[in-house]
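This report refers to the structure that appears directly beneath it.
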Amino acid sequence: MSDKKRSNQEEIDLMLENQSLQSDILSKGGSFWKEQDMDPTLENEFLKNVLSCCNNSKDQEVPMRSLFPANYKFPPADSMSKNELKRKLNDIEGILNKHNVQLGFCEELPHKVLYKHLIEDCIPNESIDVSPDNTFITTLSGCSGDCESCFQKKYCSTAKELEQEEF
């Protein structure tokens with residue numbers, strides 16, 4: 001086979017592999033965005049990394065509650081002083097950070113509202129992708145994109161901007 005035919009066949013094989021990788025990613029519920037004119041070899045490496053993330057994240061999903069010690073207490077927010085509540089939130093954030101989970105809620109969100117959201121909605125009900133080799137970071141923001149039903153709407157600058165644009 002001539003060098004030109006071999007090169008054309010390798011290019012076709014690479015394009016077919018990229019299409020297969022894209023299908024695998026989508027079938028696993030993954031998503032990606034790439035440049036239209038991406039070099040096929042670079043695209044291949046990119047798609048392999050995305051697929052690896054899809055495969056790893058499904059294998060490493062654990063209940064958020066399991067990140068905390070079994071005897072860890074979550075007292076009601078009303079039973080703590082402001083300082084106790086702040087220390088408790090710092091402790092929770094520290095435990096989550098050890099598992100590559102970051103908090104990204106509105107900065108203006110009162111500690112009491114954040115704490116209630118974490119202990120009533122997130123920690124008992126959500127699962128988190130954790131990576132034993134610390135390659136994945138999960139950010140909890142509480143933002144679903146549905147500003148109307150969001151618990152932090154009145155503290156969120158984005159929601160306020162959207163309301164102003166409507167008028």
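Following the order of the structure tokens, chains are lettered A, B, ..., residues in each are numbered from 1, and ligands are numbered from 1.
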
**OP:** Might you pull out every residue within 12 Å of range 59-74 of chain A, with only C-alpha atoms counted and same-chain residues fewer than 2 positions away left off, and present them as a ChimeraX atom specification?
**Re:** /A:52-57,76-80,84-85,88-89,91-101,115-136,138,140

Run DSSP on the backbone and grab whatever in range 66-139 of chain A lands in strand (DSSP E); send it over as a PDB file with N, CA, C and O atoms, in the first residue's frame.
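In the end it all went to selection-v5.pdb:
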```pdb
ATOM      1  N   VAL A 101     -15.054  18.381  47.195  1.00  0.00           N
ATOM      2  CA  VAL A 101     -16.373  18.993  47.019  1.00  0.00           C
ATOM      3  C   VAL A 101     -16.263  20.417  47.540  1.00  0.00           C
ATOM      4  O   VAL A 101     -15.869  20.630  48.691  1.00  0.00           O
ATOM      5  N   GLN A 102     -16.577  21.370  46.672  1.00  0.00           N
ATOM      6  CA  GLN A 102     -16.498  22.777  47.046  1.00  0.00           C
ATOM      7  C   GLN A 102     -17.893  23.371  47.115  1.00  0.00           C
ATOM      8  O   GLN A 102     -18.786  22.948  46.388  1.00  0.00           O
ATOM      9  N   LEU A 103     -18.054  24.368  47.987  1.00  0.00           N
ATOM     10  CA  LEU A 103     -19.316  25.088  48.074  1.00  0.00           C
ATOM     11  C   LEU A 103     -19.210  26.337  47.213  1.00  0.00           C
ATOM     12  O   LEU A 103     -18.223  27.068  47.291  1.00  0.00           O
ATOM     13  N   SER A 127     -25.988  12.364  45.830  1.00  0.00           N
ATOM     14  CA  SER A 127     -24.787  11.557  45.655  1.00  0.00           C
ATOM     15  C   SER A 127     -23.731  12.426  44.993  1.00  0.00           C
ATOM     16  O   SER A 127     -24.049  13.360  44.251  1.00  0.00           O
ATOM     17  N   ILE A 128     -22.488  12.115  45.266  1.00  0.00           N
ATOM     18  CA  ILE A 128     -21.368  12.916  44.789  1.00  0.00           C
ATOM     19  C   ILE A 128     -20.385  12.009  44.068  1.00  0.00           C
ATOM     20  O   ILE A 128     -20.125  10.890  44.496  1.00  0.00           O
ATOM     21  N   ASP A 129     -19.825  12.514  42.981  1.00  0.00           N
ATOM     22  CA  ASP A 129     -18.746  11.811  42.301  1.00  0.00           C
ATOM     23  C   ASP A 129     -17.452  12.131  43.029  1.00  0.00           C
ATOM     24  O   ASP A 129     -17.084  13.291  43.154  1.00  0.00           O
ATOM     25  N   THR A 138     -16.102  18.582  42.554  1.00  0.00           N
ATOM     26  CA  THR A 138     -17.534  18.825  42.460  1.00  0.00           C
ATOM     27  C   THR A 138     -17.833  20.136  43.169  1.00  0.00           C
ATOM     28  O   THR A 138     -17.334  20.374  44.265  1.00  0.00           O
ATOM     29  N   THR A 139     -18.627  20.980  42.548  1.00  0.00           N
ATOM     30  CA  THR A 139     -19.029  22.237  43.170  1.00  0.00           C
ATOM     31  C   THR A 139     -20.522  22.197  43.423  1.00  0.00           C
ATOM     32  O   THR A 139     -21.310  21.967  42.506  1.00  0.00           O
TER      33      THR A 139
END
```

Using only C-alpha atoms, the shortest atom-to-atom distance to Leu114 in chain A among A:Ser144, A:Gln36, A:Gln152, A:Asn83 belongs to A:Gln152

Write down as a VMD selection string the residues belonging to range 30-162 of chain A that are assigned alpha helix (DSSP H) by DSSP computed on the backbone.
chain A and resid 40 to 59 82 to 98 111 to 117 123 to 125 157 to 162

note - CA of Gly104 in chain A and CA of Ser157 in chain A are separated by 13.5 Å

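When CA of Tyr155 in chain A is paired with CA of Glu108 in chain A, their separation reads 5.5 Å.
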